[in-house]
file upload20.txt (compact mmCIF, C-alpha atoms and all ligand atoms)
# COMPACT_ATOMS: atom_id res chain seq x y z
CA MET A 300 5.91 -13.21 23.68
CA SER A 301 7.40 -15.17 20.84
CA GLU A 302 7.94 -13.30 17.61
CA ASN A 303 5.18 -15.14 15.79
CA THR A 304 2.44 -13.92 18.11
CA VAL A 305 3.44 -10.26 17.70
CA PRO A 306 1.66 -8.57 14.76
CA LEU A 307 3.82 -7.44 11.90
CA LEU A 308 2.20 -4.03 12.01
CA GLU A 309 -0.17 -2.63 14.58
CA ALA A 310 -1.98 0.65 15.07
CA ARG A 311 -3.49 1.52 18.44
CA GLY A 312 -5.86 4.42 18.90
CA ILE A 313 -4.77 6.26 15.76
CA THR A 314 -6.46 9.62 15.41
CA LYS A 315 -5.73 12.08 12.66
CA ALA A 316 -7.16 15.56 12.32
CA TYR A 317 -6.58 17.91 9.44
CA GLY A 318 -7.33 21.21 11.08
CA ASN A 319 -10.84 20.66 12.45
CA VAL A 320 -11.59 17.72 10.11
CA ALA A 321 -11.34 14.44 12.01
CA ALA A 322 -10.13 12.09 9.25
CA LEU A 323 -9.46 9.17 11.63
CA THR A 324 -10.73 8.49 15.14
CA GLY A 325 -9.33 5.82 17.47
CA ILE A 326 -8.26 3.32 14.82
CA ASN A 327 -7.09 -0.08 16.06
CA PHE A 328 -5.60 -2.25 13.37
CA LYS A 329 -3.41 -5.33 13.10
CA LEU A 330 -1.60 -6.98 10.22
CA ASP A 331 0.08 -10.37 10.44
CA ARG A 332 2.70 -12.04 8.29
CA GLY A 333 1.31 -13.55 5.12
CA GLU A 334 -2.00 -11.82 5.61
CA ILE A 335 -3.88 -9.70 3.07
CA VAL A 336 -6.13 -7.22 4.81
CA GLY A 337 -8.60 -5.22 2.77
CA LEU A 338 -9.31 -1.65 3.80
CA VAL A 339 -12.61 -0.45 2.38
CA GLY A 340 -14.96 2.46 2.86
CA ASP A 341 -16.67 5.22 0.96
CA ASN A 342 -14.88 8.22 -0.54
CA GLY A 343 -13.46 10.26 2.32
CA ALA A 344 -13.78 7.43 4.87
CA GLY A 345 -10.09 7.81 5.80
CA LYS A 346 -8.41 4.93 3.97
CA SER A 347 -5.65 6.94 2.33
CA THR A 348 -5.12 8.89 5.53
CA LEU A 349 -4.59 5.65 7.44
CA VAL A 350 -2.12 4.38 4.83
CA LYS A 351 -0.23 7.68 4.93
CA THR A 352 -0.17 7.63 8.71
CA LEU A 353 1.13 4.06 8.85
CA CYS A 354 4.03 4.81 6.49
CA GLY A 355 5.04 8.12 8.03
CA ALA A 356 3.90 10.36 5.16
CA HIS A 357 1.58 11.99 7.70
CA GLN A 358 1.93 12.00 11.47
CA PRO A 359 -0.97 10.85 13.63
CA THR A 360 -2.51 13.44 15.91
CA ASP A 361 -2.73 10.74 18.56
CA GLY A 362 -2.10 7.00 18.95
CA HIS A 363 0.70 4.50 18.54
CA ILE A 364 2.17 2.43 15.72
CA PHE A 365 4.17 -0.76 16.25
CA VAL A 366 6.30 -2.78 13.85
CA GLU A 367 6.93 -6.30 15.12
CA GLY A 368 6.02 -5.18 18.61
CA GLU A 369 8.31 -2.18 18.70
CA GLU A 370 6.80 1.30 18.77
CA VAL A 371 7.83 3.44 15.82
CA HIS A 372 7.59 7.14 15.03
CA PHE A 373 8.12 7.42 11.31
CA SER A 374 8.71 10.98 10.24
CA SER A 375 8.79 10.07 6.54
CA PRO A 376 8.10 7.11 4.22
CA LYS A 377 11.86 6.83 3.86
CA GLU A 378 12.03 5.80 7.51
CA SER A 379 9.25 3.21 7.21
CA ARG A 380 10.92 1.87 4.07
CA MET A 381 13.99 1.11 6.15
CA ARG A 382 11.75 -1.12 8.25
CA GLY A 383 10.54 -2.99 5.17
CA ILE A 384 7.30 -1.08 4.59
CA GLU A 385 6.56 -0.18 0.98
CA VAL A 386 3.71 2.00 -0.23
CA VAL A 387 1.92 2.49 -3.51
CA TYR A 388 -0.05 5.72 -3.19
CA GLN A 389 -3.38 6.34 -4.79
CA ASP A 390 -1.92 9.49 -6.32
CA LEU A 391 1.00 7.66 -7.90
CA ALA A 392 4.43 8.76 -6.89
CA LEU A 393 6.48 7.97 -9.95
CA ALA A 394 8.83 10.63 -11.31
CA ASN A 395 7.57 11.26 -14.83
CA GLU A 396 10.86 12.55 -16.17
CA LEU A 397 12.72 9.40 -15.11
CA SER A 398 12.82 6.04 -16.84
CA VAL A 399 11.14 2.87 -15.58
CA ALA A 400 14.47 1.54 -14.28
CA GLU A 401 15.36 4.84 -12.61
CA ASN A 402 11.97 4.96 -10.95
CA ILE A 403 12.35 1.44 -9.62
CA PHE A 404 15.64 2.41 -8.01
CA LEU A 405 14.63 5.92 -7.02
CA GLY A 406 16.03 6.88 -3.64
CA ARG A 407 18.08 3.71 -3.37
CA GLU A 408 20.61 4.13 -6.10
CA MET A 409 22.94 6.10 -3.84
CA LYS A 410 23.15 3.50 -1.13
CA GLN A 411 26.58 2.18 -2.12
CA PRO A 412 29.12 4.90 -1.41
CA GLY A 413 31.75 5.28 -4.10
CA PHE A 414 29.42 4.39 -6.95
CA LEU A 415 30.07 7.58 -8.85
CA GLY A 416 31.44 8.56 -12.24
CA VAL A 417 32.51 5.61 -14.37
CA ILE A 418 31.49 3.15 -11.73
CA GLY A 419 28.11 4.92 -11.62
CA THR A 420 27.55 4.02 -15.27
CA MET A 421 28.18 0.37 -14.52
CA ASN A 422 25.80 0.67 -11.63
CA ARG A 423 23.10 1.99 -13.95
CA LYS A 424 23.61 -1.06 -16.16
CA ALA A 425 23.11 -3.32 -13.18
CA MET A 426 20.01 -1.38 -12.21
CA ARG A 427 18.57 -1.77 -15.71
CA ALA A 428 19.27 -5.50 -15.70
CA SER A 429 17.71 -5.88 -12.28
CA ALA A 430 14.65 -3.82 -13.29
CA VAL A 431 14.16 -6.00 -16.38
CA GLU A 432 14.48 -9.12 -14.25
CA THR A 433 11.94 -7.84 -11.72
CA LEU A 434 9.37 -6.86 -14.32
CA GLU A 435 9.80 -10.17 -16.09
CA SER A 436 9.49 -12.17 -12.90
CA LEU A 437 6.25 -10.32 -12.19
CA ALA A 438 5.05 -10.85 -15.79
CA ILE A 439 4.67 -7.09 -16.23
CA GLU A 440 5.02 -6.10 -19.86
CA ILE A 441 6.77 -2.78 -20.37
CA LYS A 442 8.38 -2.15 -23.74
CA SER A 443 11.66 -1.01 -22.26
CA VAL A 444 12.92 -0.09 -18.82
CA GLU A 445 14.46 2.98 -20.50
CA THR A 446 10.98 4.38 -21.26
CA ARG A 447 10.25 7.62 -19.45
CA CYS A 448 7.35 7.05 -17.09
CA GLY A 449 5.70 10.33 -18.17
CA THR A 450 5.07 8.85 -21.61
CA MET A 451 3.35 5.70 -20.32
CA SER A 452 -0.36 5.12 -19.69
CA GLY A 453 -1.82 5.40 -16.22
CA GLY A 454 -2.15 1.63 -16.01
CA GLN A 455 1.44 1.03 -17.04
CA ARG A 456 2.61 3.52 -14.46
CA GLN A 457 0.56 1.80 -11.83
CA ALA A 458 2.09 -1.55 -12.77
CA VAL A 459 5.59 -0.07 -12.37
CA ALA A 460 4.68 1.40 -8.99
CA VAL A 461 3.36 -1.95 -7.77
CA ALA A 462 6.40 -3.78 -9.14
CA ARG A 463 8.67 -1.37 -7.33
CA ALA A 464 6.82 -1.90 -4.06
CA ILE A 465 6.86 -5.67 -4.45
CA MET A 466 10.53 -5.66 -5.31
CA TRP A 467 11.51 -3.70 -2.22
CA GLY A 468 8.79 -4.45 0.27
CA SER A 469 10.38 -7.06 2.42
CA LYS A 470 7.73 -7.14 5.15
CA VAL A 471 4.72 -4.94 4.53
CA LEU A 472 3.04 -3.68 1.38
CA LEU A 473 0.58 -0.81 1.63
CA LEU A 474 -1.38 -0.61 -1.61
CA ASP A 475 -3.76 2.32 -1.97
CA GLU A 476 -6.02 1.44 -4.91
CA PRO A 477 -3.30 -0.26 -6.92
CA THR A 478 -5.69 -1.41 -9.60
CA ALA A 479 -7.87 1.70 -9.94
CA ALA A 480 -6.44 2.72 -13.32
CA LEU A 481 -6.12 -0.79 -14.68
CA ALA A 482 -8.00 -2.78 -17.28
CA VAL A 483 -9.44 -6.10 -16.12
CA ALA A 484 -6.51 -8.25 -17.28
CA GLU A 485 -3.93 -5.96 -15.66
CA SER A 486 -5.97 -5.74 -12.52
CA ASP A 487 -6.07 -9.53 -12.33
CA LYS A 488 -2.32 -9.60 -12.78
CA ILE A 489 -1.79 -7.26 -9.84
CA ALA A 490 -4.14 -9.44 -7.78
CA GLY A 491 -1.94 -12.42 -8.68
CA LEU A 492 1.17 -10.51 -7.61
CA VAL A 493 -0.41 -9.67 -4.29
CA ALA A 494 -1.38 -13.29 -3.70
CA GLY A 495 2.21 -14.26 -4.56
CA VAL A 496 3.84 -11.98 -1.99
CA LYS A 497 1.45 -13.28 0.66
CA ASP A 498 2.98 -16.70 0.13
CA LYS A 499 6.37 -15.19 0.93
CA GLY A 500 5.10 -14.06 4.34
CA VAL A 501 4.66 -10.41 3.40
CA GLY A 502 1.71 -8.65 5.00
CA VAL A 503 -0.43 -6.63 2.60
CA ILE A 504 -2.93 -3.86 3.24
CA LEU A 505 -5.08 -3.45 0.16
CA VAL A 506 -7.23 -0.34 -0.20
CA SER A 507 -9.73 -0.84 -2.99
CA HIS A 508 -13.17 0.04 -4.25
CA ASN A 509 -13.14 -3.17 -6.29
CA LEU A 510 -15.24 -5.14 -3.82
CA PRO A 511 -15.34 -8.45 -5.74
CA GLN A 512 -11.55 -8.37 -5.86
CA VAL A 513 -11.31 -7.57 -2.15
CA HIS A 514 -13.76 -10.36 -1.40
CA GLU A 515 -11.69 -12.84 -3.37
CA LEU A 516 -8.23 -11.77 -2.29
CA CYS A 517 -8.42 -10.69 1.34
CA ASP A 518 -8.18 -12.83 4.46
CA ARG A 519 -9.84 -10.06 6.43
CA VAL A 520 -11.56 -6.81 5.57
CA VAL A 521 -11.59 -3.73 7.78
CA VAL A 522 -14.42 -1.33 7.00
CA LEU A 523 -13.98 2.37 7.69
CA LEU A 524 -16.92 4.71 7.99
CA ARG A 525 -16.30 8.41 8.57
CA GLY A 526 -12.87 7.76 10.04
CA ARG A 527 -13.81 4.88 12.33
CA VAL A 528 -13.49 1.12 12.05
CA VAL A 529 -17.08 -0.14 12.01
CA THR A 530 -16.43 -3.84 11.50
CA GLU A 531 -13.97 -6.52 10.49
CA LEU A 532 -15.13 -9.24 8.12
CA ARG A 533 -13.37 -12.58 7.82
CA ARG A 534 -12.92 -14.61 4.67
CA GLY A 535 -15.83 -16.95 4.10
CA GLU A 536 -18.04 -15.27 6.67
CA TYR A 537 -19.60 -12.47 4.62
CA SER A 538 -20.98 -11.63 1.17
CA ILE A 539 -20.22 -8.66 -1.05
CA ASP A 540 -23.69 -7.33 -0.15
CA ASP A 541 -22.77 -7.51 3.55
CA MET A 542 -19.64 -5.51 2.80
CA VAL A 543 -21.64 -2.86 0.91
CA SER A 544 -24.06 -2.64 3.81
CA TRP A 545 -21.19 -1.92 6.22
CA ILE A 546 -19.58 0.58 3.85
CA THR A 547 -22.77 2.62 3.51
CA GLY A 548 -23.56 2.34 7.21
CA ALA A 549 -26.85 0.50 6.57
CA ALA A 550 -25.61 -2.49 8.61
CA LEU A 551 -25.27 -0.27 11.68
CA HIS A 552 -29.01 0.40 11.69
CA LYS A 553 -29.96 -3.24 11.17
CA ARG A 554 -28.41 -4.32 14.44
N1 LIG B 601 -4.22 16.77 3.22
C1 LIG B 601 -5.47 16.93 3.67
N2 LIG B 601 -5.88 18.08 4.22
C2 LIG B 601 -7.12 18.23 4.70
N3 LIG B 601 -8.06 17.28 4.70
C3 LIG B 601 -7.71 16.10 4.17
C4 LIG B 601 -6.41 15.85 3.63
N4 LIG B 601 -6.37 14.57 3.17
C5 LIG B 601 -7.59 14.06 3.42
N5 LIG B 601 -8.40 14.96 4.03
C6 LIG B 601 -9.78 14.73 4.48
O1 LIG B 601 -9.76 13.58 5.32
C7 LIG B 601 -10.88 12.73 5.06
C8 LIG B 601 -10.40 11.34 4.67
O2 LIG B 601 -9.78 11.41 3.40
P1 LIG B 601 -9.04 10.17 2.74
O3 LIG B 601 -8.29 10.69 1.57
O4 LIG B 601 -8.25 9.46 3.77
O5 LIG B 601 -10.27 9.29 2.28
P2 LIG B 601 -10.31 7.92 1.46
O6 LIG B 601 -11.03 6.93 2.28
O7 LIG B 601 -8.95 7.57 1.01
O8 LIG B 601 -11.24 8.32 0.22
P3 LIG B 601 -11.17 7.83 -1.33
O9 LIG B 601 -11.90 6.54 -1.43
O10 LIG B 601 -11.93 8.93 -2.03
O11 LIG B 601 -9.75 7.80 -1.75
C9 LIG B 601 -11.71 13.46 4.00
O12 LIG B 601 -12.68 14.19 4.66
C10 LIG B 601 -10.71 14.38 3.34
O13 LIG B 601 -11.34 15.50 2.82
MG MG B 602 -8.07 7.40 -0.84
call {"tool": "encode", "arguments": {"input": "upload20.txt", "output": "C-alpha cells"}}
result
Amino acid sequence: MSENTVPLLEARGITKAYGNVAALTGINFKLDRGEIVGLVGDNGAGKSTLVKTLCGAHQPTDGHIFVEGEEVHFSSPKESRMRGIEVVYQDLALANELSVAENIFLGREMKQPGFLGVIGTMNRKAMRASAVETLESLAIEIKSVETRCGTMSGGQRQAVAVARAIMWGSKVLLLDEPTAALAVAESDKIAGLVAGVKDKGVGVILVSHNLPQVHELCDRVVVLLRGRVVTELRRGEYSIDDMVSWITGAALHKR
C-alpha cells in the first residue's frame, strides 16, 4: 500500500476496562492526514479514555493501535510524542510552578546534551524567544512568557497547553476539550488554530461538548455511547440535532 492510503492513526478493537468498569468496548477508529475528527458523547462515554489510550497514558486491555500502518505499544505519552502525537488533556497538564516558556519546553529542554551551566542559560534565552514567537504566531496573548502558569486563568492556561501541542505536534493532535474553559472569543481562536494545523496535514482528534463548534470544524464526527462507537457522521450529512440524537442514544431507537 502506498503511504497515502495508510491512516495516520488507527485503532482496531480497542477495549479498556478499569477493574470491572468497561470504559471502551471494541473501538475501531481511523484518522487521516489533514483531517479533523470530532469525538463526542455524553459524560462518561469514554472519550477521555480513548484519548489516553491512543497516546499511551493508559494501556488498552485489548486491541491494536497503528501509526502510519505500523503497530505501536506506547507505554507513556513520552513515547507517542516521539512519534509526533501531542495531547492536550481535559485535566490540564501544565506545571503551575513553571513559567509559560518553561511549560512549553517541558520535557524537551534536555534534549541537547551539553546544554548545562552557562550554556544552559543561553538555552533558556532561546527557549523564551521561541515561546514568544510561537505564541505570537498563534495570536495567543499572554502578558509574558515568564509568567508562572499557576497565576494565570484557566482559559489562559488552556491556551498555553494548546499552543504547546500545536508547536510540537508534527503529525497528530489529540485535544480533549481544549475550549472547555474558554470564553467565546478565545474558543474561536483555538478553533482557528485547529483549522490552521489541518492545512499543514496534521490530523486532529477533537473531543468537545461544544456541538456547534464540532459541527463547523470537523470533517467527521465519531459518536461514543457507553464506550462504543454508535455512528460516524460526515460533514454536510447531518444536523446538530442528529448529533444530539446519537449522543443520547435516541437515534438508536428510531432505526
Ligand atoms: N482512572 C479511572 N479509573 C476508573 N474508572 C475510570 C477512570 N477513568 C475513567 N473511568 C470510567 O470510565 C468511563 C469513561 O470515562 P471517560 O473519562 O473516558 O469519559 P468521557 O467521555 O471523557 O466523559 P466526560 O465528557 O465527562 O469527560 C466512566 O465510567 C468513568 O467513570
Ligand atoms: Mg472526558
call {"tool": "closest_residue", "arguments": {"input": "upload20.txt", "among": "A:Asp498, A:Glu367, A:Glu515, A:Glu401", "to": "A:Ile384", "atoms": "all atoms listed in the file"}}
result
A:Glu367
call {"tool": "atom_distance", "arguments": {"input": "upload20.txt", "atom1": "atom CA of A:Glu385", "atom2": "atom CA of A:Val459"}}
result
13.4 Å
call {"tool": "residues_near_point", "arguments": {"input": "upload20.txt", "point": "(-8.0, -10.4, -9.6)", "cutoff": "9 Å", "atoms": "all atoms listed in the file", "output": "MDAnalysis selection string"}}
result
chainID A and resid 483:491 511:513 515:516
call {"tool": "residues_near_ligand", "arguments": {"input": "upload20.txt", "ligand": "ligand LIG 601 (chain B)", "cutoff": "8 Å", "atoms": "all atoms listed in the file", "output": "ChimeraX atom specification"}}
result
/A:316-318,320-323,339-349,389,475,507-508,523,525-526
call {"tool": "atom_distance", "arguments": {"input": "upload20.txt", "atom1": "atom CA of A:Gly500", "atom2": "atom CA of A:Trp545"}}
result
29.0 Å
call {"tool": "atom_distance", "arguments": {"input": "upload20.txt", "atom1": "atom CA of A:Gly468", "atom2": "atom CA of A:Cys354"}}
result
12.1 Å
call {"tool": "closest_residue", "arguments": {"input": "upload20.txt", "among": "A:Ile364, A:Ala460, A:Val387, A:Ala494", "to": "ligand MG 602 (chain B)", "atoms": "only C-alpha atoms and all ligand atoms"}}
result
A:Val387
call {"tool": "residues_around", "arguments": {"input": "upload20.txt", "residues": "A:Ala400", "least_positions_apart": "6", "cutoff": "8 Å", "atoms": "all atoms listed in the file", "output": "PyMOL selection string"}}
result
chain A and resi 426-427+430-431+444-445
call {"tool": "residues_near_point", "arguments": {"input": "upload20.txt", "point": "(-11.4, -3.0, 8.3)", "cutoff": "9 Å", "atoms": "only C-alpha atoms", "output": "list of chain:residue names"}}
result
A:Phe328, A:Val336, A:Gly337, A:Leu338, A:Val339, A:Gly340, A:Arg519, A:Val520, A:Val521, A:Val522, A:Leu523, A:Val528, A:Val529, A:Thr530, A:Glu531, A:Leu532
call {"tool": "closest_residue", "arguments": {"input": "upload20.txt", "among": "A:Ala462, A:Ile539, A:Ile546, A:Val506", "to": "ligand MG 602 (chain B)", "atoms": "all atoms listed in the file"}}
result
A:Val506
call {"tool": "residues_around", "arguments": {"input": "upload20.txt", "residues": "A:Gly453", "least_positions_apart": "2", "cutoff": "12 Å", "atoms": "all atoms listed in the file", "output": "VMD selection string"}}
result
chain A and resid 389 to 393 395 448 to 451 455 to 460 477 to 482 485
call {"tool": "closest_residue", "arguments": {"input": "upload20.txt", "among": "A:Lys329, A:Lys315, A:Arg447, A:Arg463", "to": "A:Ala394", "atoms": "all atoms listed in the file"}}
result
A:Arg447
call {"tool": "closest_residue", "arguments": {"input": "upload20.txt", "among": "A:Ala428, A:Leu505, A:Ile313, A:Leu492", "to": "ligand MG 602 (chain B)", "atoms": "all atoms listed in the file"}}
result
A:Leu505
call {"tool": "closest_residue", "arguments": {"input": "upload20.txt", "among": "A:Gly333, A:Asn327, A:Val471, A:Tyr388", "to": "ligand MG 602 (chain B)", "atoms": "all atoms listed in the file"}}
result
A:Tyr388
call {"tool": "build_atoms", "arguments": {"input": "upload20.txt", "residues": "stretch 371-403 of chain A", "atoms": "N, CA and C atoms", "output": "mmCIF file, in the frame of the given file"}}
result
data_model
loop_
_atom_site.group_PDB
_atom_site.id
_atom_site.type_symbol
_atom_site.label_atom_id
_atom_site.label_comp_id
_atom_site.auth_asym_id
_atom_site.auth_seq_id
_atom_site.Cartn_x
_atom_site.Cartn_y
_atom_site.Cartn_z
ATOM 1 N N VAL A 371 7.072 2.651 16.792
ATOM 2 C CA VAL A 371 7.830 3.440 15.820
ATOM 3 C C VAL A 371 7.214 4.831 15.680
ATOM 4 N N HIS A 372 8.049 5.773 15.287
ATOM 5 C CA HIS A 372 7.590 7.140 15.030
ATOM 6 C C HIS A 372 8.186 7.550 13.692
ATOM 7 N N PHE A 373 7.571 7.116 12.623
ATOM 8 C CA PHE A 373 8.120 7.420 11.310
ATOM 9 C C PHE A 373 7.867 8.871 10.955
ATOM 10 N N SER A 374 8.945 9.591 10.633
ATOM 11 C CA SER A 374 8.710 10.980 10.240
ATOM 12 C C SER A 374 8.660 11.133 8.723
ATOM 13 N N SER A 375 8.923 10.037 7.999
ATOM 14 C CA SER A 375 8.790 10.070 6.540
ATOM 15 C C SER A 375 8.675 8.637 6.027
ATOM 16 N N PRO A 376 8.167 8.468 4.790
ATOM 17 C CA PRO A 376 8.100 7.110 4.220
ATOM 18 C C PRO A 376 9.486 6.495 4.053
ATOM 19 N N LYS A 377 10.496 7.344 3.971
ATOM 20 C CA LYS A 377 11.860 6.830 3.860
ATOM 21 C C LYS A 377 12.210 6.011 5.112
ATOM 22 N N GLU A 378 11.744 6.501 6.257
ATOM 23 C CA GLU A 378 12.030 5.800 7.510
ATOM 24 C C GLU A 378 11.271 4.471 7.592
ATOM 25 N N SER A 379 10.012 4.475 7.135
ATOM 26 C CA SER A 379 9.250 3.210 7.210
ATOM 27 C C SER A 379 9.803 2.212 6.190
ATOM 28 N N ARG A 380 10.311 2.738 5.079
ATOM 29 C CA ARG A 380 10.920 1.870 4.070
ATOM 30 C C ARG A 380 12.114 1.102 4.651
ATOM 31 N N MET A 381 12.836 1.776 5.531
ATOM 32 C CA MET A 381 13.990 1.110 6.150
ATOM 33 C C MET A 381 13.567 -0.031 7.053
ATOM 34 N N ARG A 382 12.281 -0.014 7.439
ATOM 35 C CA ARG A 382 11.750 -1.120 8.250
ATOM 36 C C ARG A 382 10.988 -2.118 7.385
ATOM 37 N N GLY A 383 11.151 -2.010 6.071
ATOM 38 C CA GLY A 383 10.540 -2.990 5.170
ATOM 39 C C GLY A 383 9.092 -2.719 4.828
ATOM 40 N N ILE A 384 8.684 -1.447 4.944
ATOM 41 C CA ILE A 384 7.300 -1.080 4.590
ATOM 42 C C ILE A 384 7.309 -0.297 3.283
ATOM 43 N N GLU A 385 6.621 -0.826 2.295
ATOM 44 C CA GLU A 385 6.560 -0.180 0.980
ATOM 45 C C GLU A 385 5.149 0.287 0.688
ATOM 46 N N VAL A 386 5.033 1.445 0.043
ATOM 47 C CA VAL A 386 3.710 2.000 -0.230
ATOM 48 C C VAL A 386 3.519 2.267 -1.718
ATOM 49 N N VAL A 387 2.327 1.962 -2.204
ATOM 50 C CA VAL A 387 1.920 2.490 -3.510
ATOM 51 C C VAL A 387 0.764 3.436 -3.214
ATOM 52 N N TYR A 388 0.970 4.721 -3.489
ATOM 53 C CA TYR A 388 -0.050 5.720 -3.190
ATOM 54 C C TYR A 388 -1.111 5.743 -4.272
ATOM 55 N N GLN A 389 -2.286 6.160 -3.846
ATOM 56 C CA GLN A 389 -3.380 6.340 -4.790
ATOM 57 C C GLN A 389 -2.983 7.368 -5.848
ATOM 58 N N ASP A 390 -2.441 8.497 -5.379
ATOM 59 C CA ASP A 390 -1.920 9.490 -6.320
ATOM 60 C C ASP A 390 -0.467 9.103 -6.578
ATOM 61 N N LEU A 391 -0.273 8.299 -7.568
ATOM 62 C CA LEU A 391 1.000 7.660 -7.900
ATOM 63 C C LEU A 391 2.216 8.553 -7.688
ATOM 64 N N ALA A 392 3.233 7.976 -7.134
ATOM 65 C CA ALA A 392 4.430 8.760 -6.890
ATOM 66 C C ALA A 392 5.586 8.306 -7.752
ATOM 67 N N LEU A 393 5.359 8.241 -9.050
ATOM 68 C CA LEU A 393 6.480 7.970 -9.950
ATOM 69 C C LEU A 393 6.982 9.318 -10.478
ATOM 70 N N ALA A 394 8.278 9.402 -10.720
ATOM 71 C CA ALA A 394 8.830 10.630 -11.310
ATOM 72 C C ALA A 394 8.714 10.511 -12.819
ATOM 73 N N ASN A 395 7.878 11.370 -13.401
ATOM 74 C CA ASN A 395 7.570 11.260 -14.830
ATOM 75 C C ASN A 395 8.772 11.456 -15.741
ATOM 76 N N GLU A 396 9.719 12.269 -15.289
ATOM 77 C CA GLU A 396 10.860 12.550 -16.170
ATOM 78 C C GLU A 396 11.912 11.448 -16.129
ATOM 79 N N LEU A 397 11.746 10.499 -15.207
ATOM 80 C CA LEU A 397 12.720 9.400 -15.110
ATOM 81 C C LEU A 397 12.215 8.158 -15.827
ATOM 82 N N SER A 398 13.176 7.274 -16.145
ATOM 83 C CA SER A 398 12.820 6.040 -16.840
ATOM 84 C C SER A 398 12.207 5.033 -15.861
ATOM 85 N N VAL A 399 11.688 3.940 -16.408
ATOM 86 C CA VAL A 399 11.140 2.870 -15.580
ATOM 87 C C VAL A 399 12.199 2.362 -14.596
ATOM 88 N N ALA A 400 13.399 2.066 -15.131
ATOM 89 C CA ALA A 400 14.470 1.540 -14.280
ATOM 90 C C ALA A 400 14.857 2.539 -13.197
ATOM 91 N N GLU A 401 14.972 3.817 -13.594
ATOM 92 C CA GLU A 401 15.360 4.840 -12.610
ATOM 93 C C GLU A 401 14.292 4.980 -11.525
ATOM 94 N N ASN A 402 13.041 4.876 -11.936
ATOM 95 C CA ASN A 402 11.970 4.960 -10.950
ATOM 96 C C ASN A 402 12.014 3.787 -9.965
ATOM 97 N N ILE A 403 12.313 2.617 -10.493
ATOM 98 C CA ILE A 403 12.350 1.440 -9.620
ATOM 99 C C ILE A 403 13.448 1.587 -8.566
#
